[in-house]
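> Pasting coords-v7.txt below, which is compact mmCIF, C-alpha atoms.
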```
# COMPACT_ATOMS: atom_id res chain seq x y z
CA MET A 1 -40.26 -0.40 -27.29
CA HIS A 2 -36.96 -2.10 -28.18
CA THR A 3 -34.97 0.95 -27.00
CA ARG A 4 -36.77 0.97 -23.63
CA LEU A 5 -36.10 -2.73 -23.17
CA VAL A 6 -32.39 -2.28 -23.89
CA LEU A 7 -32.18 0.72 -21.54
CA SER A 8 -33.99 -1.22 -18.81
CA LEU A 9 -31.62 -4.15 -19.23
CA LEU A 10 -28.56 -1.88 -19.09
CA ALA A 11 -29.89 -0.13 -15.99
CA THR A 12 -30.49 -3.48 -14.30
CA LEU A 13 -27.01 -4.74 -15.18
CA ALA A 14 -25.45 -1.53 -13.84
CA CYS A 15 -27.05 -2.20 -10.45
CA LEU A 16 -25.59 -5.70 -10.12
CA PRO A 17 -22.39 -6.10 -8.11
CA ALA A 18 -19.26 -6.35 -10.19
CA VAL A 19 -17.77 -9.81 -10.33
CA GLY A 20 -13.99 -9.73 -10.51
CA HIS A 21 -12.14 -12.06 -12.82
CA ALA A 22 -10.33 -14.98 -11.25
CA GLN A 23 -6.76 -13.95 -10.52
CA GLN A 24 -4.20 -16.45 -11.82
CA CYS A 25 -1.56 -16.81 -9.13
CA PRO A 26 1.74 -18.70 -9.21
CA THR A 27 2.21 -21.81 -7.06
CA GLY A 28 2.56 -20.88 -3.40
CA HIS A 29 0.43 -17.74 -3.77
CA THR A 30 -3.27 -17.09 -3.18
CA ALA A 31 -5.59 -14.71 -5.02
CA ALA A 32 -7.13 -12.07 -2.77
CA THR A 33 -9.36 -9.03 -3.02
CA VAL A 34 -7.61 -5.97 -1.61
CA THR A 35 -9.39 -3.11 0.15
CA GLY A 36 -8.02 -0.45 2.42
CA ARG A 37 -7.35 3.16 3.20
CA VAL A 38 -4.38 5.50 3.28
CA THR A 39 -3.89 8.72 5.21
CA THR A 40 -0.67 10.68 4.74
CA MET A 41 0.79 14.13 5.32
CA ASN A 42 3.15 15.95 2.96
CA ILE A 43 6.59 16.52 4.44
CA SER A 44 7.84 18.03 1.18
CA GLN A 45 6.62 18.56 -2.38
CA THR A 46 7.76 15.03 -3.24
CA ARG A 47 7.44 13.00 -0.02
CA GLN A 48 4.49 11.88 2.10
CA VAL A 49 4.37 9.86 5.33
CA GLY A 50 1.44 8.26 7.08
CA GLN A 51 -0.59 5.12 7.58
CA ILE A 52 -1.89 2.36 5.31
CA CYS A 53 -4.54 -0.14 6.40
CA LEU A 54 -5.15 -3.21 4.21
CA VAL A 55 -7.64 -6.07 4.29
CA MET A 56 -7.17 -9.04 1.97
CA VAL A 57 -9.86 -11.68 1.51
CA THR A 58 -9.79 -14.84 -0.63
CA ALA A 59 -12.63 -15.78 -3.01
CA ASP A 60 -14.07 -18.16 -0.40
CA GLY A 61 -14.30 -15.30 2.14
CA ARG A 62 -11.24 -16.18 4.21
CA GLU A 63 -9.44 -13.12 5.57
CA VAL A 64 -5.71 -13.57 4.99
CA PHE A 65 -4.46 -10.13 6.00
CA ASP A 66 -5.84 -7.27 8.10
CA ASP A 67 -3.33 -4.78 9.44
CA CYS A 68 -2.29 -1.15 9.49
CA GLY A 69 1.27 -0.01 8.99
CA ALA A 70 3.54 2.89 8.18
CA LEU A 71 3.68 4.27 4.64
CA VAL A 72 6.22 6.51 2.90
CA GLY A 73 5.56 7.79 -0.61
CA LYS A 74 8.06 9.51 -2.88
CA VAL A 75 7.18 11.26 -6.15
CA THR A 76 9.76 10.20 -8.75
CA ALA A 77 8.42 12.05 -11.81
CA MET A 78 5.85 14.78 -12.40
CA ASP A 79 4.26 16.38 -15.46
CA THR A 80 2.57 19.61 -14.36
CA THR A 81 0.96 20.11 -17.77
CA THR A 82 -1.02 16.84 -17.60
CA GLY A 83 -1.29 16.35 -13.83
CA ALA A 84 0.34 12.91 -14.13
CA SER A 85 3.12 11.65 -11.90
CA THR A 86 4.77 8.46 -10.72
CA VAL A 87 5.28 7.52 -7.09
CA ASN A 88 7.17 4.80 -5.23
CA HIS A 89 5.77 3.57 -1.89
CA THR A 90 7.22 1.67 1.04
CA ALA A 91 4.78 0.03 3.48
CA VAL A 92 5.86 -1.69 6.70
CA PHE A 93 3.48 -3.72 8.88
CA GLU A 94 3.98 -5.82 12.02
CA LEU A 95 5.52 -9.29 11.91
CA LEU A 96 8.00 -8.44 9.17
CA GLU A 97 5.35 -7.87 6.50
CA SER A 98 6.40 -5.14 4.06
CA PHE A 99 6.46 -4.16 0.41
CA GLN A 100 7.84 -1.54 -1.93
CA THR A 101 5.94 -0.45 -5.03
CA TYR A 102 7.44 1.46 -7.92
CA HIS A 103 6.18 3.55 -10.79
CA ASP A 104 2.65 3.85 -9.37
CA GLU A 105 0.68 5.93 -11.88
CA VAL A 106 -0.97 8.99 -10.37
CA GLN A 107 -3.40 11.27 -12.19
CA ILE A 108 -4.97 14.48 -10.90
CA THR A 109 -8.66 14.34 -11.83
CA GLY A 110 -9.89 17.68 -10.48
CA VAL A 111 -9.24 20.73 -8.30
CA LEU A 112 -10.86 20.64 -4.84
CA ASP A 113 -9.55 23.83 -3.23
CA SER A 114 -7.38 26.90 -3.78
CA ASP A 115 -5.17 28.95 -1.48
CA ALA A 116 -5.73 32.61 -0.56
CA ASP A 117 -4.07 33.71 -3.83
CA GLY A 118 -6.35 31.50 -5.92
CA ASN A 119 -3.71 28.88 -6.70
CA PRO A 120 -5.02 25.30 -6.71
CA CYS A 121 -3.72 23.46 -3.63
CA ALA A 122 -6.01 20.42 -3.20
CA PHE A 123 -6.84 17.88 -5.87
CA SER A 124 -8.86 14.73 -6.46
CA VAL A 125 -6.53 11.95 -7.54
CA THR A 126 -6.60 8.44 -8.95
CA GLU A 127 -3.59 6.23 -8.32
CA HIS A 128 -2.93 2.85 -9.96
CA MET A 129 -0.46 0.45 -8.33
CA THR A 130 0.64 -2.59 -10.34
CA ARG A 131 4.30 -3.24 -9.51
CA ILE A 132 5.86 -4.55 -6.34
CA ARG A 133 9.65 -4.15 -6.40
CA SER A 134 10.20 -6.21 -3.27
CA GLY A 135 8.26 -7.69 -0.38
CA THR A 136 8.66 -9.67 2.81
CA GLY A 137 6.32 -12.13 4.49
CA ILE A 138 3.10 -12.57 2.52
CA PHE A 139 4.22 -9.82 0.15
CA TYR A 140 7.29 -11.80 -0.99
CA GLY A 141 6.76 -12.40 -4.73
CA ALA A 142 3.32 -10.78 -4.51
CA THR A 143 1.54 -9.11 -7.41
CA ILE A 144 -1.08 -6.37 -7.20
CA ASP A 145 -3.53 -4.41 -9.27
CA VAL A 146 -4.94 -1.79 -6.89
CA VAL A 147 -6.58 1.57 -7.54
CA GLY A 148 -6.57 4.36 -4.97
CA GLU A 149 -9.25 7.04 -5.23
CA GLY A 150 -8.81 10.08 -3.04
CA SER A 151 -7.43 13.53 -2.53
CA ILE A 152 -4.15 15.29 -1.87
CA SER A 153 -3.81 18.70 -0.30
CA PHE A 154 -0.95 21.15 -0.08
CA CYS A 155 -3.25 23.88 1.25
CA PRO A 156 -1.74 25.81 4.17
CA ASP A 157 -4.30 24.64 6.74
CA LYS A 158 -5.13 21.18 5.28
CA ASN A 159 -1.94 19.14 4.82
CA LEU A 160 -3.71 15.79 4.48
CA ASN A 161 -4.00 13.13 1.77
CA THR A 162 -6.65 10.39 1.94
CA PHE A 163 -7.34 7.42 -0.33
CA LEU A 164 -9.62 4.40 -0.47
CA LEU A 165 -8.01 1.33 -2.03
CA ASN A 166 -9.69 -1.40 -4.09
CA GLY A 167 -8.26 -4.16 -6.24
CA HIS A 168 -6.81 -7.62 -6.19
CA GLY A 169 -3.52 -9.41 -5.96
CA CYS A 170 -1.65 -12.63 -5.35
CA ILE A 171 -0.03 -13.00 -1.95
CA ARG A 172 2.33 -15.63 -0.59
CA ASN A 173 0.69 -18.46 1.33
CA ARG A 174 1.49 -18.31 5.04
CA ARG A 175 3.41 -21.20 6.48
CA ARG A 176 1.39 -23.16 8.99
```
What's the structure tokens form of this structure?

Amino acid sequence: MHTRLVLSLLATLACLPAVGHAQQCPTGHTAATVTGRVTTMNISQTRQVGQICLVMVTADGREVFDDCGALVGKVTAMDTTTGASTVNHTAVFELLESFQTYHDEVQITGVLDSDADGNPCAFSVTEHMTRIRSGTGIFYGATIDVVGEGSISFCPDKNLNTFLLNGHGCIRNRRR
């Protein structure tokens, strides 16, 4: 009976929405939940270009950012034996809002497709972004902790990478 009660309690807790911890932000910055999506194409083995769309919402439900912009990613290190790599990103939005990340941690988590010769060419990927090198506008002095879950493809007929973004950060308060 005790085991069933514990299992029932764990199952119930697993169904509850996750409550994020309160982000501690420096003066002049606001904590925000970050969601979004990324779609890029590979222009080389180490560079991708495309679009990033971000939505940032404060704990009280106020939307403080909702925009799409251009994104360039560059692989700076790769370990083919473990499937791990690091990537730097540059994102540019309207109204002089931009940021550059560095040393984003990328991990291949599975093979999704192979080419005609049987070589893996599409992969499921998890990417963790925690460092902003520089930013302008609301991204000036910003901090992030965002995870991207998605896929990358170097397959001949499917040159497309897609990610969903979730996390939190501290962004600069807008001047009023």
> Looking at A:Asp79, A:Gln45, A:Asp157, A:Ala31, which one is nearest to Gly61 of chain A, with distances taken over all atoms listed in the file?
A:Ala31
> Identify, on the basis of all atoms listed in the file, every residue whose closest approach to segment 113-121 of chain A does not exceed 8 Å; exclude the query and any residue fewer than 4 positions from it along the same chain; express the result as a PyMOL selection string.
chain A and resi 153-156
> Could you give me, as a PDB file with C-alpha atoms, in the coordinates of the input, the residues within 7 Å of segment 136-145 of chain A, counting all atoms listed in the file and dropping anything in the same chain fewer than 3 positions from it?

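Full text of around-v5.pdb as output:
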```
ATOM      1  CA  LEU A  96       8.000  -8.440   9.170  1.00  0.00           C
ATOM      2  CA  GLU A  97       5.350  -7.870   6.500  1.00  0.00           C
ATOM      3  CA  SER A  98       6.400  -5.140   4.060  1.00  0.00           C
ATOM      4  CA  PHE A  99       6.460  -4.160   0.410  1.00  0.00           C
ATOM      5  CA  MET A 129      -0.460   0.450  -8.330  1.00  0.00           C
ATOM      6  CA  THR A 130       0.640  -2.590 -10.340  1.00  0.00           C
ATOM      7  CA  ARG A 131       4.300  -3.240  -9.510  1.00  0.00           C
ATOM      8  CA  ILE A 132       5.860  -4.550  -6.340  1.00  0.00           C
ATOM      9  CA  GLY A 167      -8.260  -4.160  -6.240  1.00  0.00           C
ATOM     10  CA  HIS A 168      -6.810  -7.620  -6.190  1.00  0.00           C
ATOM     11  CA  GLY A 169      -3.520  -9.410  -5.960  1.00  0.00           C
ATOM     12  CA  CYS A 170      -1.650 -12.630  -5.350  1.00  0.00           C
ATOM     13  CA  ILE A 171      -0.030 -13.000  -1.950  1.00  0.00           C
ATOM     14  CA  ARG A 172       2.330 -15.630  -0.590  1.00  0.00           C
ATOM     15  CA  ASN A 173       0.690 -18.460   1.330  1.00  0.00           C
ATOM     16  CA  ARG A 174       1.490 -18.310   5.040  1.00  0.00           C
TER      17      ARG A 174
END
```
> Rank nothing, just name the residue among A:Gly110, A:Gly148, A:Gly83, A:Gly69 nearest to Thr126 of chain A, using only C-alpha atoms.
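Under the stated criterion, the closest residue is A:Gly148.
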> Go ahead and compute the interatomic distance for atom CA of Thr39 of chain A and atom CA of Leu71 of chain A, in Å to one decimal.
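Atom CA of Leu71 of chain A lies at a distance of 8.8 Å from atom CA of Thr39 of chain A.
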> List the neighbours of segment 49-60 of chain A out to 7 Å using all atoms listed in the file; skip same-chain residues closer than 3 positions along the sequence, and give me the result as a VMD selection string.
chain A and resid 31 to 42 63 to 73
> If you measure from atom CA of His103 of chain A to atom CA of His29 of chain A, what distance in Å do you get, rounded to one decimal?
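Atom-to-atom, atom CA of His103 of chain A to atom CA of His29 of chain A, that is 23.1 Å.
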> To one decimal place, how far is atom CA of Thr30 of chain A from atom CA of Thr86 of chain A in Å?
27.8 Å
> From (-9.7, 9.2, -0.5), in the file's coordinates, out to 9 Å: which residues are reached, counting only C-alpha atoms? Answer as a ChimeraX atom specification.
/A:37-39,124-125,148-152,161-165
> Keeping only C-alpha atoms, write the selected residues as an mmCIF file, keeping the file's coordinate frame.

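Output below, filename part-v3.cif:
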```cif
data_model
loop_
_atom_site.group_PDB
_atom_site.id
_atom_site.type_symbol
_atom_site.label_atom_id
_atom_site.label_comp_id
_atom_site.auth_asym_id
_atom_site.auth_seq_id
_atom_site.Cartn_x
_atom_site.Cartn_y
_atom_site.Cartn_z
ATOM 1 C CA ARG A 37 -7.350 3.160 3.200
ATOM 2 C CA VAL A 38 -4.380 5.500 3.280
ATOM 3 C CA THR A 39 -3.890 8.720 5.210
ATOM 4 C CA SER A 124 -8.860 14.730 -6.460
ATOM 5 C CA VAL A 125 -6.530 11.950 -7.540
ATOM 6 C CA GLY A 148 -6.570 4.360 -4.970
ATOM 7 C CA GLU A 149 -9.250 7.040 -5.230
ATOM 8 C CA GLY A 150 -8.810 10.080 -3.040
ATOM 9 C CA SER A 151 -7.430 13.530 -2.530
ATOM 10 C CA ILE A 152 -4.150 15.290 -1.870
ATOM 11 C CA ASN A 161 -4.000 13.130 1.770
ATOM 12 C CA THR A 162 -6.650 10.390 1.940
ATOM 13 C CA PHE A 163 -7.340 7.420 -0.330
ATOM 14 C CA LEU A 164 -9.620 4.400 -0.470
ATOM 15 C CA LEU A 165 -8.010 1.330 -2.030
#
```
> Mind giving me the axis-aligned box for segment 81-100 of chain A with 4 Å on every side, centre plus edges in Å to one decimal, as lines of an AutoDock Vina configuration file?

```
center_x = 3.4
center_y = 5.4
center_z = -2.9
size_x = 17.3
size_y = 37.4
size_z = 37.8
```
> Could you check which of A:His128, A:Arg133, A:Asn166, A:Arg62 is closest to Ser85 of chain A, using only C-alpha atoms?
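Residue with the minimum atom-to-atom distance to Ser85 of chain A: A:His128.
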> Given the choices A:Leu95, A:Gln48, A:Thr109, A:Thr90, which gets closest to Phe123 of chain A if the distance is worked out from only C-alpha atoms?
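The closest residue to Phe123 of chain A is A:Thr109.
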> Can you sort out segment 30-41 of chain A so it carries all heavy atoms, written as a PDB file, in the coordinates of the input?

```
ATOM      1  N   THR A  30      -1.818 -17.034  -3.224  1.00  0.00           N
ATOM      2  CA  THR A  30      -3.270 -17.090  -3.180  1.00  0.00           C
ATOM      3  C   THR A  30      -3.851 -15.785  -3.715  1.00  0.00           C
ATOM      4  O   THR A  30      -3.360 -14.701  -3.372  1.00  0.00           O
ATOM      5  CB  THR A  30      -3.759 -17.292  -1.726  1.00  0.00           C
ATOM      6  OG1 THR A  30      -3.213 -18.511  -1.232  1.00  0.00           O
ATOM      7  CG2 THR A  30      -5.266 -17.325  -1.640  1.00  0.00           C
ATOM      8  N   ALA A  31      -4.899 -15.898  -4.519  1.00  0.00           N
ATOM      9  CA  ALA A  31      -5.590 -14.710  -5.020  1.00  0.00           C
ATOM     10  C   ALA A  31      -6.407 -14.086  -3.877  1.00  0.00           C
ATOM     11  O   ALA A  31      -7.007 -14.797  -3.067  1.00  0.00           O
ATOM     12  CB  ALA A  31      -6.527 -15.091  -6.163  1.00  0.00           C
ATOM     13  N   ALA A  32      -6.393 -12.770  -3.823  1.00  0.00           N
ATOM     14  CA  ALA A  32      -7.130 -12.070  -2.770  1.00  0.00           C
ATOM     15  C   ALA A  32      -7.657 -10.734  -3.295  1.00  0.00           C
ATOM     16  O   ALA A  32      -7.024 -10.086  -4.119  1.00  0.00           O
ATOM     17  CB  ALA A  32      -6.229 -11.815  -1.563  1.00  0.00           C
ATOM     18  N   THR A  33      -8.824 -10.365  -2.788  1.00  0.00           N
ATOM     19  CA  THR A  33      -9.360  -9.030  -3.020  1.00  0.00           C
ATOM     20  C   THR A  33      -8.697  -8.106  -2.010  1.00  0.00           C
ATOM     21  O   THR A  33      -8.542  -8.463  -0.842  1.00  0.00           O
ATOM     22  CB  THR A  33     -10.888  -9.026  -2.805  1.00  0.00           C
ATOM     23  OG1 THR A  33     -11.472  -9.919  -3.744  1.00  0.00           O
ATOM     24  CG2 THR A  33     -11.461  -7.637  -3.003  1.00  0.00           C
ATOM     25  N   VAL A  34      -8.305  -6.924  -2.463  1.00  0.00           N
ATOM     26  CA  VAL A  34      -7.610  -5.970  -1.610  1.00  0.00           C
ATOM     27  C   VAL A  34      -8.483  -4.739  -1.415  1.00  0.00           C
ATOM     28  O   VAL A  34      -8.950  -4.145  -2.390  1.00  0.00           O
ATOM     29  CB  VAL A  34      -6.264  -5.536  -2.246  1.00  0.00           C
ATOM     30  CG1 VAL A  34      -5.548  -4.523  -1.364  1.00  0.00           C
ATOM     31  CG2 VAL A  34      -5.379  -6.743  -2.528  1.00  0.00           C
ATOM     32  N   THR A  35      -8.721  -4.370  -0.157  1.00  0.00           N
ATOM     33  CA  THR A  35      -9.390  -3.110   0.150  1.00  0.00           C
ATOM     34  C   THR A  35      -8.570  -2.425   1.249  1.00  0.00           C
ATOM     35  O   THR A  35      -7.791  -3.069   1.946  1.00  0.00           O
ATOM     36  CB  THR A  35     -10.837  -3.311   0.656  1.00  0.00           C
ATOM     37  OG1 THR A  35     -10.818  -4.142   1.818  1.00  0.00           O
ATOM     38  CG2 THR A  35     -11.713  -3.937  -0.420  1.00  0.00           C
ATOM     39  N   GLY A  36      -8.756  -1.135   1.376  1.00  0.00           N
ATOM     40  CA  GLY A  36      -8.020  -0.450   2.420  1.00  0.00           C
ATOM     41  C   GLY A  36      -8.168   1.050   2.341  1.00  0.00           C
ATOM     42  O   GLY A  36      -8.970   1.580   1.569  1.00  0.00           O
ATOM     43  N   ARG A  37      -7.351   1.698   3.159  1.00  0.00           N
ATOM     44  CA  ARG A  37      -7.350   3.160   3.200  1.00  0.00           C
ATOM     45  C   ARG A  37      -5.949   3.651   3.519  1.00  0.00           C
ATOM     46  O   ARG A  37      -5.154   2.948   4.133  1.00  0.00           O
ATOM     47  CB  ARG A  37      -8.362   3.671   4.216  1.00  0.00           C
ATOM     48  CG  ARG A  37      -8.021   3.382   5.645  1.00  0.00           C
ATOM     49  CD  ARG A  37      -9.108   3.882   6.611  1.00  0.00           C
ATOM     50  NE  ARG A  37      -8.667   3.798   7.977  1.00  0.00           N
ATOM     51  CZ  ARG A  37      -8.640   2.705   8.722  1.00  0.00           C
ATOM     52  NH1 ARG A  37      -9.030   1.558   8.219  1.00  0.00           N
ATOM     53  NH2 ARG A  37      -8.206   2.751   9.966  1.00  0.00           N
ATOM     54  N   VAL A  38      -5.677   4.857   3.059  1.00  0.00           N
ATOM     55  CA  VAL A  38      -4.380   5.500   3.280  1.00  0.00           C
ATOM     56  C   VAL A  38      -4.636   6.916   3.752  1.00  0.00           C
ATOM     57  O   VAL A  38      -5.501   7.614   3.217  1.00  0.00           O
ATOM     58  CB  VAL A  38      -3.556   5.528   1.963  1.00  0.00           C
ATOM     59  CG1 VAL A  38      -2.329   6.408   2.123  1.00  0.00           C
ATOM     60  CG2 VAL A  38      -3.173   4.127   1.530  1.00  0.00           C
ATOM     61  N   THR A  39      -3.873   7.331   4.748  1.00  0.00           N
ATOM     62  CA  THR A  39      -3.890   8.720   5.210  1.00  0.00           C
ATOM     63  C   THR A  39      -2.437   9.146   5.370  1.00  0.00           C
ATOM     64  O   THR A  39      -1.677   8.502   6.107  1.00  0.00           O
ATOM     65  CB  THR A  39      -4.609   8.852   6.567  1.00  0.00           C
ATOM     66  OG1 THR A  39      -5.921   8.321   6.442  1.00  0.00           O
ATOM     67  CG2 THR A  39      -4.681  10.308   6.992  1.00  0.00           C
ATOM     68  N   THR A  40      -2.039  10.193   4.647  1.00  0.00           N
ATOM     69  CA  THR A  40      -0.670  10.680   4.740  1.00  0.00           C
ATOM     70  C   THR A  40      -0.645  12.196   4.876  1.00  0.00           C
ATOM     71  O   THR A  40      -1.636  12.872   4.589  1.00  0.00           O
ATOM     72  CB  THR A  40       0.175  10.291   3.503  1.00  0.00           C
ATOM     73  OG1 THR A  40      -0.392  10.867   2.340  1.00  0.00           O
ATOM     74  CG2 THR A  40       0.281   8.787   3.363  1.00  0.00           C
ATOM     75  N   MET A  41       0.517  12.696   5.283  1.00  0.00           N
ATOM     76  CA  MET A  41       0.790  14.130   5.320  1.00  0.00           C
ATOM     77  C   MET A  41       1.982  14.385   4.415  1.00  0.00           C
ATOM     78  O   MET A  41       2.855  13.536   4.277  1.00  0.00           O
ATOM     79  CB  MET A  41       1.089  14.585   6.747  1.00  0.00           C
ATOM     80  CG  MET A  41      -0.096  14.433   7.675  1.00  0.00           C
ATOM     81  SD  MET A  41       0.300  14.915   9.365  1.00  0.00           S
ATOM     82  CE  MET A  41       0.663  16.644   9.145  1.00  0.00           C
TER      83      MET A  41
END
```
